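Enquirer: Once you've had a glance at the structure underneath, I'll fire off some questions.
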Amino acid sequence: MFSYTKPKFAHLLVAAVFLLSSCNEDLISTEPILDASTDPSGNISQFDMSEIQELTDFSNLRQGDFTGRYLIISKNNQLPSNLAQSVAAAGGEIVKTFPEIGVAVAVARSSDFYGKAGQISEVESVTPDLILKFTSEPEIVTQALSLDNASARRSSGAGAPFEYKTAIFDGFQWAPESIDAPKAWDAGFTGEGVRVAVIDGGFHAAHIDLAPNIDVASSISTVPGFRFNEDTGEFWHGTHVAGIVAASGFGVVGIAPKATIIGVKSLHNGSGAFEWILEGILYAATPQSKGGGGAQIINMSLGATINYRDNWQDPAFRVFFRELQKTYDRATRYAYQNGVTVIASAGNGATNFDEAKELYKIPAHNQHVLSISSTGPTGWVFGNTNFDQPAYYTDYGKSLVSFAAPGGTVGLAIVEGNFSPCTLVGTFRSTTATCAIFDQVFSTVRGTSDGNYNWAQGTSMASPAFAGVAALLMQANGGHLSPAQVNSRLRQSATDLGKPGNDEYYGQGFVNAAKAVGLK
């Protein structure tokens with residue numbers, strides 16, 4: 001294991017907080033924010049490189065850790081032919097390249113590399129890479145449910161034609177009904193043949209509801225030292241998100257229950273480097289014939305908020321933000337040009353981005369990304385069907401939100417302070433828990449076996465629900481829709497709520513699966 005020292009620019013990070021599917025003890029969730037104001041004296045151009053080496057132990061990632069690696073961004077989308085020699089002359093070494101977007105990754109071999117590398121004529125900028133907390137496990141959920149694998153397969157008829165009504169926990173799921181997904185399923189639209197890349201944390205590929213749909217051969221990890229099916233704890237954010245997209249119907253049903261999942265692990269325990277997510281996007285968007293994942297849809301239930309306008313007078317921060325934004329724009333534009341629809345969660349800070357104009361969200365604000373806000377019912381277990389009610393935590397604003405989808409809420413607890421127990425009955429199972437828990441989204445988790453499930457809330461849950469509808473739409477059109485066509489058709493079929501047209505909470509509307517595939 002190498003030792004390393006944090007450079008001063010690490011203080012640009014607020015040591016904050018939870019993200020997209022999480023809530024803290026006060027039931028309020030926030031997001032990681034890059035903010036230079038936390039250390040007014042901090043200057044990312046000042047490094048003590050004498051003791052810095054590349055970070056190689058990723059078992060205990062911390063916000064603000066410098067990975068020891070740099071994103072080198074060329075002045076155009078092509079890498080200079082002599083870049084390796086120029087970087088070596090500056091005292092560094094290129095360890096990875098992304099030629100499709102004109103970005104390389106380098107490590108320092110001398111203490112003055114950072115300053116010299118920025119002077120290479122063909123290079124626009126050199127950006128130190130950081131570890132950031134992008135997601136967190138939900139703390140409010142306390143009761144996981146599990147199935148005996150053998151009995152679950154017998155009860156749900158593994159290998160039989162898909163029939164969502166026999167899912168063992170079908171009575172625990174309100175989200176599919178809220179967007180008319182069962183109507184689409186009854187008409188034969190299940191997402192079959194559509195490839196959805198989920199860029200997230202680890203994926204429990206052996207889960208009884210994910211195993212039928214996950215493309216293990218195409219699934220990868222961009223986190224050094226870990227496989228795509230590894231993570232920590234018993235929740236596994238990526239596993240929950242993947243189930244919302246395409247759980248196969250044994251215990252629960254995904255929105256696109258026959259879509260193919262490509263698991264791309266770019267986070268570990270909710271944390272990751274910008275390089276890892278960047279590589280995940282590029283891999284997923286590259287055709288299989290060229291060695292990529294061959295996704296038609298990418299879901300990213302992750303994000304970070306950058307406070308850039310308040311710090312625009314800081315030259316170092318201005319460069320850091322601008323180049324990070326540009327790098328991700330190149331990646332999402334590459335996906336768009338390859339015919340891949342990119343979807344991201346809007347975030348859980350309960351912030352109006354039309355007013356907080358100093359904030360920029362990666363990747364939700366990047367080019368060609370559809371950003372999804374969250375809705376959820378209040379008191380569903382008591383018969384309430386206000387599924388399109390904006391979740392109390394969701395970020396919003398016309399400048400941020402593209403569409404809304406079901407992500408769950410514990411609004412009942414917020415509004416009424418009601419934590420009384422309720423019993424919910426599925427097809428074959430029942431459970432008793434806090435009434436408010438049932439207003440969240442029920443999906444697959446890692447647990448202690450291959451058949452565990454739990455509740456969570458957040459725009460992390462809304463984004464994959466929207467991605468599932470996009471998969472149904474793709475199947476209904478032979479898998480040949482461009483991202484612009486996907487956007488247009490989902491806009492035409494979504495339910496226009498809030499203010500007419502583009503709305504702060506709903507964007508272009510609340511997604512509807514049945515209408516998206518052409519049903520009335």
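Scheme for the structure tokens: letters A, B, ... for chains in order shown; per-chain residue numbers from 1; ligand numbers from 1 in order shown.
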Would you mind listing what lies within 9 Å of A:Val216 as a PyMOL selection string, with only C-alpha atoms counted and same-chain residues fewer than 4 positions away left out?

Expert: chain A and resi 205+211+220+228+261-263

Enquirer: For A:Ile199, list every protein, DNA or RNA residue within 12 Å, evaluated using only C-alpha atoms, and leave out those in the same chain fewer than 4 positions away; present the list as a short mmCIF file (atom, residue, chain, number, x, y, z; two decimals) with all heavy atoms, in the first residue's frame.

Expert:
data_model
loop_
_atom_site.label_atom_id
_atom_site.label_comp_id
_atom_site.auth_asym_id
_atom_site.auth_seq_id
_atom_site.Cartn_x
_atom_site.Cartn_y
_atom_site.Cartn_z
N PHE A 134 -20.89 9.94 -3.89
CA PHE A 134 -21.91 10.15 -4.90
C PHE A 134 -23.26 9.54 -4.51
O PHE A 134 -24.29 9.95 -5.02
CB PHE A 134 -21.47 9.56 -6.24
CG PHE A 134 -20.46 10.39 -6.97
CD1 PHE A 134 -19.11 10.19 -6.79
CD2 PHE A 134 -20.87 11.39 -7.84
CE1 PHE A 134 -18.17 10.96 -7.47
CE2 PHE A 134 -19.96 12.17 -8.51
CZ PHE A 134 -18.60 11.96 -8.33
N THR A 135 -23.26 8.52 -3.69
CA THR A 135 -24.51 7.91 -3.20
C THR A 135 -24.30 7.44 -1.77
O THR A 135 -23.17 7.33 -1.30
CB THR A 135 -24.96 6.70 -4.05
OG1 THR A 135 -24.06 5.60 -3.81
CG2 THR A 135 -24.99 7.02 -5.53
N PHE A 203 -23.15 -4.84 -7.97
CA PHE A 203 -24.37 -5.53 -8.41
C PHE A 203 -24.33 -6.98 -7.93
O PHE A 203 -23.39 -7.71 -8.26
CB PHE A 203 -24.49 -5.49 -9.93
CG PHE A 203 -24.51 -4.10 -10.48
CD1 PHE A 203 -23.32 -3.45 -10.81
CD2 PHE A 203 -25.70 -3.40 -10.65
CE1 PHE A 203 -23.33 -2.16 -11.29
CE2 PHE A 203 -25.72 -2.12 -11.14
CZ PHE A 203 -24.53 -1.48 -11.47
N SER A 219 -20.68 -6.89 -18.06
CA SER A 219 -20.60 -6.06 -16.87
C SER A 219 -19.16 -5.91 -16.41
O SER A 219 -18.38 -6.87 -16.48
CB SER A 219 -21.45 -6.68 -15.75
OG SER A 219 -22.82 -6.71 -16.11
N ILE A 220 -18.81 -4.72 -15.96
CA ILE A 220 -17.42 -4.44 -15.59
C ILE A 220 -17.37 -3.59 -14.33
O ILE A 220 -18.37 -3.05 -13.87
CB ILE A 220 -16.65 -3.70 -16.71
CG1 ILE A 220 -17.23 -2.28 -16.90
CG2 ILE A 220 -16.68 -4.47 -18.02
CD1 ILE A 220 -16.32 -1.36 -17.68
N SER A 221 -16.17 -3.46 -13.80
CA SER A 221 -15.90 -2.51 -12.74
C SER A 221 -14.81 -1.56 -13.21
O SER A 221 -13.78 -2.00 -13.75
CB SER A 221 -15.44 -3.21 -11.46
OG SER A 221 -14.99 -2.28 -10.50
N THR A 222 -15.01 -0.27 -13.01
CA THR A 222 -13.95 0.71 -13.28
C THR A 222 -13.28 1.14 -11.98
O THR A 222 -12.43 2.03 -12.00
CB THR A 222 -14.53 1.94 -13.99
OG1 THR A 222 -15.51 2.58 -13.16
CG2 THR A 222 -15.19 1.55 -15.31
N VAL A 223 -13.67 0.51 -10.86
CA VAL A 223 -13.04 0.78 -9.57
C VAL A 223 -11.86 -0.17 -9.40
O VAL A 223 -12.05 -1.39 -9.38
CB VAL A 223 -14.05 0.58 -8.41
CG1 VAL A 223 -13.37 0.85 -7.06
CG2 VAL A 223 -15.26 1.48 -8.60
N PHE A 228 -17.25 -6.16 -10.56
CA PHE A 228 -18.53 -5.45 -10.67
C PHE A 228 -19.54 -5.95 -9.66
O PHE A 228 -20.48 -5.23 -9.30
CB PHE A 228 -19.09 -5.58 -12.09
CG PHE A 228 -19.89 -6.83 -12.33
CD1 PHE A 228 -21.28 -6.82 -12.22
CD2 PHE A 228 -19.26 -8.03 -12.65
CE1 PHE A 228 -22.02 -7.98 -12.44
CE2 PHE A 228 -19.99 -9.18 -12.88
CZ PHE A 228 -21.38 -9.16 -12.77
N HIS A 237 -26.51 -0.08 -3.28
CA HIS A 237 -27.28 0.90 -4.04
C HIS A 237 -27.49 0.47 -5.48
O HIS A 237 -28.61 0.53 -6.03
CB HIS A 237 -26.54 2.24 -3.98
CG HIS A 237 -27.27 3.41 -4.53
ND1 HIS A 237 -27.19 3.77 -5.85
CD2 HIS A 237 -28.06 4.34 -3.93
CE1 HIS A 237 -27.91 4.87 -6.05
NE2 HIS A 237 -28.45 5.23 -4.90
N GLY A 238 -26.44 -0.01 -6.14
CA GLY A 238 -26.55 -0.43 -7.54
C GLY A 238 -27.50 -1.59 -7.73
O GLY A 238 -28.20 -1.69 -8.75
N THR A 239 -27.56 -2.49 -6.75
CA THR A 239 -28.45 -3.64 -6.83
C THR A 239 -29.91 -3.19 -6.72
O THR A 239 -30.78 -3.70 -7.44
CB THR A 239 -28.11 -4.65 -5.72
OG1 THR A 239 -26.79 -5.14 -5.94
CG2 THR A 239 -29.08 -5.81 -5.71
N VAL A 241 -31.09 -0.19 -7.54
CA VAL A 241 -31.40 0.55 -8.76
C VAL A 241 -31.63 -0.41 -9.94
O VAL A 241 -32.59 -0.25 -10.71
CB VAL A 241 -30.26 1.53 -9.07
CG1 VAL A 241 -30.40 2.13 -10.47
CG2 VAL A 241 -30.23 2.65 -8.02
N ALA A 242 -30.77 -1.41 -10.08
CA ALA A 242 -30.92 -2.36 -11.18
C ALA A 242 -32.24 -3.09 -11.11
O ALA A 242 -32.88 -3.37 -12.14
CB ALA A 242 -29.76 -3.36 -11.17
N ILE A 261 -29.61 -5.92 -18.35
CA ILE A 261 -28.85 -5.00 -17.50
C ILE A 261 -27.36 -5.20 -17.73
O ILE A 261 -26.86 -6.33 -17.68
CB ILE A 261 -29.17 -5.22 -16.02
CG1 ILE A 261 -30.61 -4.79 -15.71
CG2 ILE A 261 -28.20 -4.46 -15.12
CD1 ILE A 261 -30.85 -3.32 -15.84
N ILE A 262 -26.65 -4.12 -17.97
CA ILE A 262 -25.19 -4.12 -17.99
C ILE A 262 -24.74 -3.43 -16.71
O ILE A 262 -24.96 -2.22 -16.54
CB ILE A 262 -24.65 -3.36 -19.21
CG1 ILE A 262 -25.26 -3.89 -20.50
CG2 ILE A 262 -23.13 -3.42 -19.26
CD1 ILE A 262 -25.17 -2.93 -21.66
N GLY A 263 -24.17 -4.17 -15.81
CA GLY A 263 -23.73 -3.59 -14.55
C GLY A 263 -22.37 -2.94 -14.70
O GLY A 263 -21.39 -3.60 -15.06
N VAL A 264 -22.29 -1.65 -14.44
CA VAL A 264 -21.02 -0.91 -14.52
C VAL A 264 -20.74 -0.33 -13.14
O VAL A 264 -21.34 0.66 -12.73
CB VAL A 264 -21.09 0.21 -15.58
CG1 VAL A 264 -19.75 0.95 -15.64
CG2 VAL A 264 -21.44 -0.36 -16.95
N LYS A 265 -19.85 -0.98 -12.41
CA LYS A 265 -19.51 -0.52 -11.07
C LYS A 265 -18.46 0.59 -11.17
O LYS A 265 -17.30 0.34 -11.50
CB LYS A 265 -18.96 -1.67 -10.23
CG LYS A 265 -18.48 -1.24 -8.84
CD LYS A 265 -17.90 -2.43 -8.08
CE LYS A 265 -17.17 -1.99 -6.82
NZ LYS A 265 -18.08 -1.43 -5.81
N SER A 266 -18.89 1.82 -10.90
CA SER A 266 -17.97 2.95 -10.91
C SER A 266 -17.88 3.61 -9.54
O SER A 266 -17.21 4.64 -9.40
CB SER A 266 -18.41 3.97 -11.95
OG SER A 266 -18.30 3.43 -13.26
N LEU A 267 -18.56 3.03 -8.55
CA LEU A 267 -18.52 3.52 -7.18
C LEU A 267 -18.28 2.35 -6.24
O LEU A 267 -18.64 1.22 -6.55
CB LEU A 267 -19.84 4.20 -6.80
CG LEU A 267 -20.33 5.37 -7.65
CD1 LEU A 267 -21.71 5.81 -7.18
CD2 LEU A 267 -19.35 6.53 -7.61
N HIS A 268 -17.71 2.63 -5.09
CA HIS A 268 -17.57 1.62 -4.05
C HIS A 268 -18.07 2.22 -2.75
O HIS A 268 -17.59 3.27 -2.31
CB HIS A 268 -16.11 1.17 -3.91
CG HIS A 268 -15.94 0.00 -2.98
ND1 HIS A 268 -16.41 -1.26 -3.28
CD2 HIS A 268 -15.37 -0.09 -1.75
CE1 HIS A 268 -16.14 -2.08 -2.29
NE2 HIS A 268 -15.51 -1.40 -1.35
N GLY A 270 -20.66 3.79 -2.35
CA GLY A 270 -21.21 5.10 -2.65
C GLY A 270 -20.21 6.16 -3.05
O GLY A 270 -20.60 7.26 -3.42
N GLY A 272 -16.57 7.44 -5.21
CA GLY A 272 -15.83 7.15 -6.42
C GLY A 272 -15.07 8.35 -6.93
O GLY A 272 -15.24 9.47 -6.44
N TRP A 276 -13.48 7.25 -12.69
CA TRP A 276 -14.18 5.97 -12.74
C TRP A 276 -15.55 6.12 -13.40
O TRP A 276 -15.95 5.28 -14.21
CB TRP A 276 -14.35 5.41 -11.34
CG TRP A 276 -13.08 5.25 -10.57
CD1 TRP A 276 -11.80 5.29 -11.06
CD2 TRP A 276 -12.95 5.05 -9.16
NE1 TRP A 276 -10.89 5.12 -10.05
CE2 TRP A 276 -11.57 4.96 -8.87
CE3 TRP A 276 -13.86 4.92 -8.12
CZ2 TRP A 276 -11.09 4.77 -7.58
CZ3 TRP A 276 -13.40 4.72 -6.84
CH2 TRP A 276 -12.02 4.63 -6.57
N ILE A 277 -16.26 7.19 -13.06
CA ILE A 277 -17.57 7.40 -13.67
C ILE A 277 -17.42 7.76 -15.15
O ILE A 277 -18.19 7.29 -16.00
CB ILE A 277 -18.34 8.50 -12.92
CG1 ILE A 277 -18.56 8.07 -11.47
CG2 ILE A 277 -19.68 8.80 -13.60
CD1 ILE A 277 -19.12 9.17 -10.59
N LEU A 278 -16.42 8.57 -15.45
CA LEU A 278 -16.15 8.92 -16.85
C LEU A 278 -15.90 7.67 -17.68
O LEU A 278 -16.48 7.48 -18.76
CB LEU A 278 -14.94 9.85 -16.91
CG LEU A 278 -14.50 10.32 -18.29
CD1 LEU A 278 -15.53 11.27 -18.88
CD2 LEU A 278 -13.14 11.00 -18.21
N GLU A 279 -15.07 6.78 -17.18
CA GLU A 279 -14.79 5.54 -17.89
C GLU A 279 -16.03 4.67 -18.02
O GLU A 279 -16.25 4.03 -19.05
CB GLU A 279 -13.69 4.75 -17.17
CG GLU A 279 -13.27 3.49 -17.89
CD GLU A 279 -12.09 2.79 -17.25
OE1 GLU A 279 -11.62 3.25 -16.17
OE2 GLU A 279 -11.62 1.78 -17.82
N GLY A 280 -16.88 4.68 -16.98
CA GLY A 280 -18.12 3.92 -17.04
C GLY A 280 -19.03 4.40 -18.15
O GLY A 280 -19.62 3.59 -18.88
N ILE A 281 -19.16 5.72 -18.29
CA ILE A 281 -20.00 6.27 -19.36
C ILE A 281 -19.48 5.87 -20.72
O ILE A 281 -20.23 5.41 -21.60
CB ILE A 281 -20.07 7.81 -19.25
CG1 ILE A 281 -20.75 8.23 -17.95
CG2 ILE A 281 -20.82 8.40 -20.45
CD1 ILE A 281 -20.65 9.72 -17.67
N LEU A 282 -18.18 6.02 -20.92
CA LEU A 282 -17.60 5.73 -22.23
C LEU A 282 -17.70 4.25 -22.56
O LEU A 282 -17.99 3.88 -23.71
CB LEU A 282 -16.14 6.20 -22.26
CG LEU A 282 -15.94 7.71 -22.07
CD1 LEU A 282 -14.45 8.05 -22.03
CD2 LEU A 282 -16.63 8.49 -23.18
N TYR A 283 -17.46 3.39 -21.57
CA TYR A 283 -17.58 1.96 -21.82
C TYR A 283 -19.01 1.59 -22.20
O TYR A 283 -19.25 0.89 -23.17
CB TYR A 283 -17.15 1.15 -20.59
CG TYR A 283 -17.50 -0.31 -20.72
CD1 TYR A 283 -16.72 -1.16 -21.49
CD2 TYR A 283 -18.64 -0.83 -20.09
CE1 TYR A 283 -17.06 -2.50 -21.65
CE2 TYR A 283 -18.98 -2.17 -20.23
CZ TYR A 283 -18.19 -2.99 -21.01
OH TYR A 283 -18.54 -4.32 -21.17
N ALA A 284 -19.96 2.06 -21.41
CA ALA A 284 -21.35 1.71 -21.66
C ALA A 284 -21.81 2.19 -23.03
O ALA A 284 -22.59 1.50 -23.71
CB ALA A 284 -22.24 2.30 -20.57
N ALA A 285 -21.35 3.36 -23.45
CA ALA A 285 -21.83 3.96 -24.70
C ALA A 285 -21.11 3.44 -25.93
O ALA A 285 -21.54 3.71 -27.06
CB ALA A 285 -21.67 5.48 -24.63
N GLY A 293 -19.86 -1.79 -23.84
CA GLY A 293 -21.02 -2.47 -23.28
C GLY A 293 -22.20 -2.55 -24.22
O GLY A 293 -23.10 -3.36 -24.02
N ALA A 295 -24.67 -0.36 -24.72
CA ALA A 295 -25.95 0.06 -24.11
C ALA A 295 -26.75 0.92 -25.08
O ALA A 295 -26.19 1.64 -25.91
CB ALA A 295 -25.69 0.84 -22.83
N ILE A 297 -29.39 2.54 -23.41
CA ILE A 297 -29.80 3.47 -22.36
C ILE A 297 -28.77 3.38 -21.24
O ILE A 297 -28.30 2.30 -20.90
CB ILE A 297 -31.20 3.10 -21.81
CG1 ILE A 297 -32.25 3.20 -22.92
CG2 ILE A 297 -31.57 3.97 -20.62
CD1 ILE A 297 -33.57 2.52 -22.56
N ILE A 298 -28.42 4.53 -20.68
CA ILE A 298 -27.55 4.58 -19.50
C ILE A 298 -28.32 5.23 -18.37
O ILE A 298 -28.93 6.29 -18.54
CB ILE A 298 -26.27 5.40 -19.77
CG1 ILE A 298 -25.34 4.66 -20.74
CG2 ILE A 298 -25.52 5.69 -18.47
CD1 ILE A 298 -24.13 5.47 -21.16
N ASN A 299 -28.31 4.58 -17.20
CA ASN A 299 -28.89 5.19 -16.00
C ASN A 299 -27.78 5.48 -15.00
O ASN A 299 -26.97 4.62 -14.69
CB ASN A 299 -29.92 4.28 -15.35
CG ASN A 299 -30.53 4.92 -14.12
OD1 ASN A 299 -31.44 5.74 -14.24
ND2 ASN A 299 -30.02 4.59 -12.93
N MET A 300 -27.78 6.72 -14.49
CA MET A 300 -26.83 7.11 -13.45
C MET A 300 -27.61 7.69 -12.27
O MET A 300 -28.01 8.85 -12.30
CB MET A 300 -25.82 8.12 -13.98
CG MET A 300 -24.82 7.53 -14.93
SD MET A 300 -23.54 8.69 -15.44
CE MET A 300 -24.46 9.67 -16.64
N SER A 301 -27.82 6.88 -11.26
CA SER A 301 -28.46 7.35 -10.03
C SER A 301 -27.36 7.84 -9.09
O SER A 301 -27.12 7.27 -8.01
CB SER A 301 -29.27 6.22 -9.39
OG SER A 301 -30.40 5.92 -10.17
N LEU A 302 -26.72 8.90 -9.47
CA LEU A 302 -25.60 9.44 -8.73
C LEU A 302 -25.42 10.89 -9.12
O LEU A 302 -25.98 11.35 -10.12
CB LEU A 302 -24.32 8.64 -9.02
CG LEU A 302 -23.92 8.46 -10.49
CD1 LEU A 302 -23.10 9.63 -11.01
CD2 LEU A 302 -23.16 7.16 -10.69
N GLY A 303 -24.64 11.61 -8.34
CA GLY A 303 -24.41 12.99 -8.70
C GLY A 303 -23.65 13.77 -7.66
O GLY A 303 -23.52 13.37 -6.51
N VAL A 342 -29.06 8.98 -22.22
CA VAL A 342 -28.43 9.07 -20.90
C VAL A 342 -29.41 9.71 -19.91
O VAL A 342 -29.96 10.78 -20.17
CB VAL A 342 -27.13 9.89 -20.96
CG1 VAL A 342 -26.48 9.94 -19.58
CG2 VAL A 342 -26.17 9.30 -21.99
N ILE A 343 -29.60 9.03 -18.79
CA ILE A 343 -30.58 9.43 -17.77
C ILE A 343 -29.85 9.55 -16.43
O ILE A 343 -29.01 8.70 -16.10
CB ILE A 343 -31.71 8.40 -17.68
CG1 ILE A 343 -32.42 8.29 -19.04
CG2 ILE A 343 -32.69 8.74 -16.57
CD1 ILE A 343 -33.25 7.03 -19.19
N ALA A 344 -30.17 10.59 -15.66
CA ALA A 344 -29.54 10.78 -14.36
C ALA A 344 -30.56 11.28 -13.35
O ALA A 344 -31.55 11.93 -13.70
CB ALA A 344 -28.38 11.76 -14.45
N SER A 345 -30.31 10.98 -12.10
CA SER A 345 -31.17 11.46 -11.03
C SER A 345 -30.93 12.95 -10.81
O SER A 345 -29.81 13.44 -10.91
CB SER A 345 -30.89 10.68 -9.75
OG SER A 345 -29.50 10.58 -9.52
N PRO A 363 -23.93 14.40 -13.01
CA PRO A 363 -24.04 14.59 -14.46
C PRO A 363 -25.38 15.14 -14.95
O PRO A 363 -25.59 15.27 -16.13
CB PRO A 363 -23.83 13.17 -14.99
CG PRO A 363 -24.50 12.32 -13.95
CD PRO A 363 -24.24 13.00 -12.63
N SER A 460 -32.66 8.66 -6.89
CA SER A 460 -31.96 7.43 -7.29
C SER A 460 -32.94 6.35 -7.72
O SER A 460 -32.62 5.50 -8.54
CB SER A 460 -31.11 6.88 -6.15
OG SER A 460 -29.85 7.46 -6.09
N SER A 463 -35.00 7.76 -11.21
CA SER A 463 -34.24 7.68 -12.46
C SER A 463 -34.32 6.31 -13.12
O SER A 463 -34.60 6.20 -14.33
CB SER A 463 -32.78 8.08 -12.20
OG SER A 463 -32.03 8.06 -13.37
N PRO A 464 -34.12 5.19 -12.41
CA PRO A 464 -34.24 3.88 -13.05
C PRO A 464 -35.67 3.54 -13.46
O PRO A 464 -35.87 2.78 -14.41
CB PRO A 464 -33.71 2.90 -12.01
CG PRO A 464 -33.85 3.60 -10.71
CD PRO A 464 -33.62 5.06 -11.02
#

Enquirer: Write out as a list in words all residues of stretch 384-432 of chain A that backbone DSSP assigns to strand (DSSP E).

Expert: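 Output for stretch 384-432 of chain A, strand (DSSP E) only: Phe403, Ala404, Ala405, Pro406, Pro421, Cys422, Thr423, Leu424, Val425, Ser430, Thr431 and Thr432 of chain A.
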
Enquirer: Find the residues near stretch 473-486 of chain A: any atom within 7 Å, counting only C-alpha atoms, skip ones fewer than 5 places away on the same chain, and give them as a PyMOL selection string.

Expert: chain A and resi 189+191-194+336+339-341+516-517

Enquirer: Which value, in Å to one decimal, gives the distance between atom CA of A:Ala405 and atom CA of A:Phe419?

Expert: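 Spanning atom CA of A:Ala405 to atom CA of A:Phe419 is a straight-line distance of 25.3 Å.
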
Enquirer: Could you name the residues that touch A:Tyr506 at 8 Å or less, counting only C-alpha atoms, but leaving out those on the same chain fewer than 3 positions away, as a PDB file with C-alpha atoms, in the first residue's frame?

Expert:
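What follows is the written file around.pdb:
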ATOM      1  CA  SER A 373     -37.106  14.345 -10.273  1.00  0.00           C
ATOM      2  CA  VAL A 401     -35.595  18.676 -14.357  1.00  0.00           C
ATOM      3  CA  SER A 402     -36.469  16.940 -17.628  1.00  0.00           C
ATOM      4  CA  PHE A 403     -39.166  14.555 -16.348  1.00  0.00           C
ATOM      5  CA  ALA A 404     -40.613  13.180 -13.117  1.00  0.00           C
ATOM      6  CA  ASP A 496     -48.500  17.269 -18.071  1.00  0.00           C
ATOM      7  CA  LEU A 497     -48.703  18.211 -14.393  1.00  0.00           C
ATOM      8  CA  GLY A 498     -48.043  21.395 -12.477  1.00  0.00           C
ATOM      9  CA  ASN A 502     -42.219  22.768 -18.668  1.00  0.00           C
ATOM     10  CA  ASP A 503     -42.714  22.712 -14.898  1.00  0.00           C
ATOM     11  CA  GLY A 509     -44.267  15.678 -17.400  1.00  0.00           C
ATOM     12  CA  PHE A 510     -44.808  12.611 -15.229  1.00  0.00           C
TER      13      PHE A 510
END

Enquirer: From the options A:Asn60, A:Thr166, A:Gln119, A:Ser218, which residue's atoms come nearest to A:Ser248, counting only C-alpha atoms?

Expert: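 Checking each of A:Asn60, A:Thr166, A:Gln119, A:Ser218 against A:Ser248, counting only C-alpha atoms, the winner is A:Thr166.
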
Enquirer: Residues near A:Gly383, anyone? I mean within 12 Å using only C-alpha atoms, not counting same-chain ones fewer than 3 positions away, as an MDAnalysis selection string.

Expert: chainID A and resid 174 377:380 386:387 424 435 438:439

Enquirer: Could you turn the residues from that selection into a file that holds C-alpha atoms, as a compact mmCIF listing (two decimals), in the first residue's frame?

Expert:
# COMPACT_ATOMS: atom_id res chain seq x y z
CA TRP A 174 -47.00 0.88 -6.05
CA PRO A 377 -47.49 8.94 -2.28
CA THR A 378 -48.32 10.00 1.25
CA GLY A 379 -50.03 7.15 3.10
CA TRP A 380 -50.31 4.61 0.27
CA ASN A 386 -51.32 10.54 -4.93
CA PHE A 387 -48.39 8.93 -6.72
CA LEU A 424 -48.79 -4.90 4.01
CA CYS A 435 -46.48 2.87 7.74
CA PHE A 438 -44.37 1.57 2.37
CA ASP A 439 -44.42 4.95 0.60

Enquirer: In terms of the shortest atom-to-atom distance over only C-alpha atoms, which of A:Gly397, A:Pro406, A:Gly68, A:Gly458 is closest to A:Asn512?

Expert: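 Looking only at the distances to A:Asn512, the closest residue turns out to be A:Pro406.
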
Enquirer: Within 7 Å of stretch 76-89 of chain A, counting only C-alpha atoms, which residues qualify if same-chain residues fewer than 2 places away don't, as an MDAnalysis selection string?

Expert: chainID A and resid 74 91:94 99:103 117 120 122

Enquirer: Write out the residues from the selection above, keeping N, CA, C and O atoms, as a compact mmCIF listing (two decimals), in the first residue's frame.

Expert:
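Once written, part_0.txt looks like this:
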# COMPACT_ATOMS: atom_id res chain seq x y z
N SER A 74 -7.27 17.41 -23.81
CA SER A 74 -6.70 18.02 -25.01
C SER A 74 -7.55 19.19 -25.46
O SER A 74 -8.69 19.36 -25.03
N GLY A 91 7.51 15.20 -16.48
CA GLY A 91 7.68 14.48 -15.22
C GLY A 91 6.52 13.61 -14.83
O GLY A 91 6.29 13.36 -13.65
N GLY A 92 5.77 13.11 -15.84
CA GLY A 92 4.65 12.25 -15.55
C GLY A 92 4.60 11.05 -16.47
O GLY A 92 5.49 10.85 -17.30
N GLU A 93 3.56 10.25 -16.31
CA GLU A 93 3.38 9.07 -17.15
C GLU A 93 1.90 8.87 -17.43
O GLU A 93 1.08 8.91 -16.51
N ILE A 94 1.55 8.66 -18.69
CA ILE A 94 0.17 8.37 -19.05
C ILE A 94 -0.12 6.91 -18.71
O ILE A 94 0.60 6.01 -19.12
N PRO A 99 -9.31 8.09 -26.01
CA PRO A 99 -9.12 8.81 -27.27
C PRO A 99 -10.41 9.28 -27.91
O PRO A 99 -10.41 10.24 -28.69
N GLU A 100 -11.54 8.62 -27.58
CA GLU A 100 -12.80 9.01 -28.18
C GLU A 100 -13.27 10.40 -27.76
O GLU A 100 -14.09 11.02 -28.43
N ILE A 101 -12.73 10.92 -26.64
CA ILE A 101 -13.11 12.26 -26.21
C ILE A 101 -11.90 13.16 -25.97
O ILE A 101 -12.03 14.27 -25.45
N GLY A 102 -10.71 12.69 -26.31
CA GLY A 102 -9.52 13.52 -26.17
C GLY A 102 -9.09 13.74 -24.74
O GLY A 102 -8.68 14.85 -24.37
N VAL A 103 -9.15 12.71 -23.91
CA VAL A 103 -8.76 12.80 -22.50
C VAL A 103 -7.80 11.67 -22.18
O VAL A 103 -7.98 10.53 -22.65
N ALA A 117 2.90 20.11 -16.66
CA ALA A 117 1.95 19.48 -17.58
C ALA A 117 0.95 20.49 -18.12
O ALA A 117 0.52 20.40 -19.27
N ILE A 120 1.91 22.18 -21.51
CA ILE A 120 2.02 21.45 -22.78
C ILE A 120 1.10 22.12 -23.80
O ILE A 120 -0.09 22.33 -23.53
N GLU A 122 -0.45 21.34 -26.56
CA GLU A 122 -1.65 20.69 -27.10
C GLU A 122 -2.70 20.41 -26.03
O GLU A 122 -3.78 19.91 -26.32

Enquirer: Take atom CA of A:Ala144 and atom CA of A:Trp185 and report the distance between them in Å, one decimal.

Expert: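 Atom-to-atom, atom CA of A:Ala144 and atom CA of A:Trp185 are spaced 27.3 Å apart.
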
Enquirer: Can you work out which one of A:Phe250, A:Val469, A:Ala184, A:Leu71 has the shortest atom-to-atom distance to A:Lys520, counting only C-alpha atoms?

Expert: A:Ala184
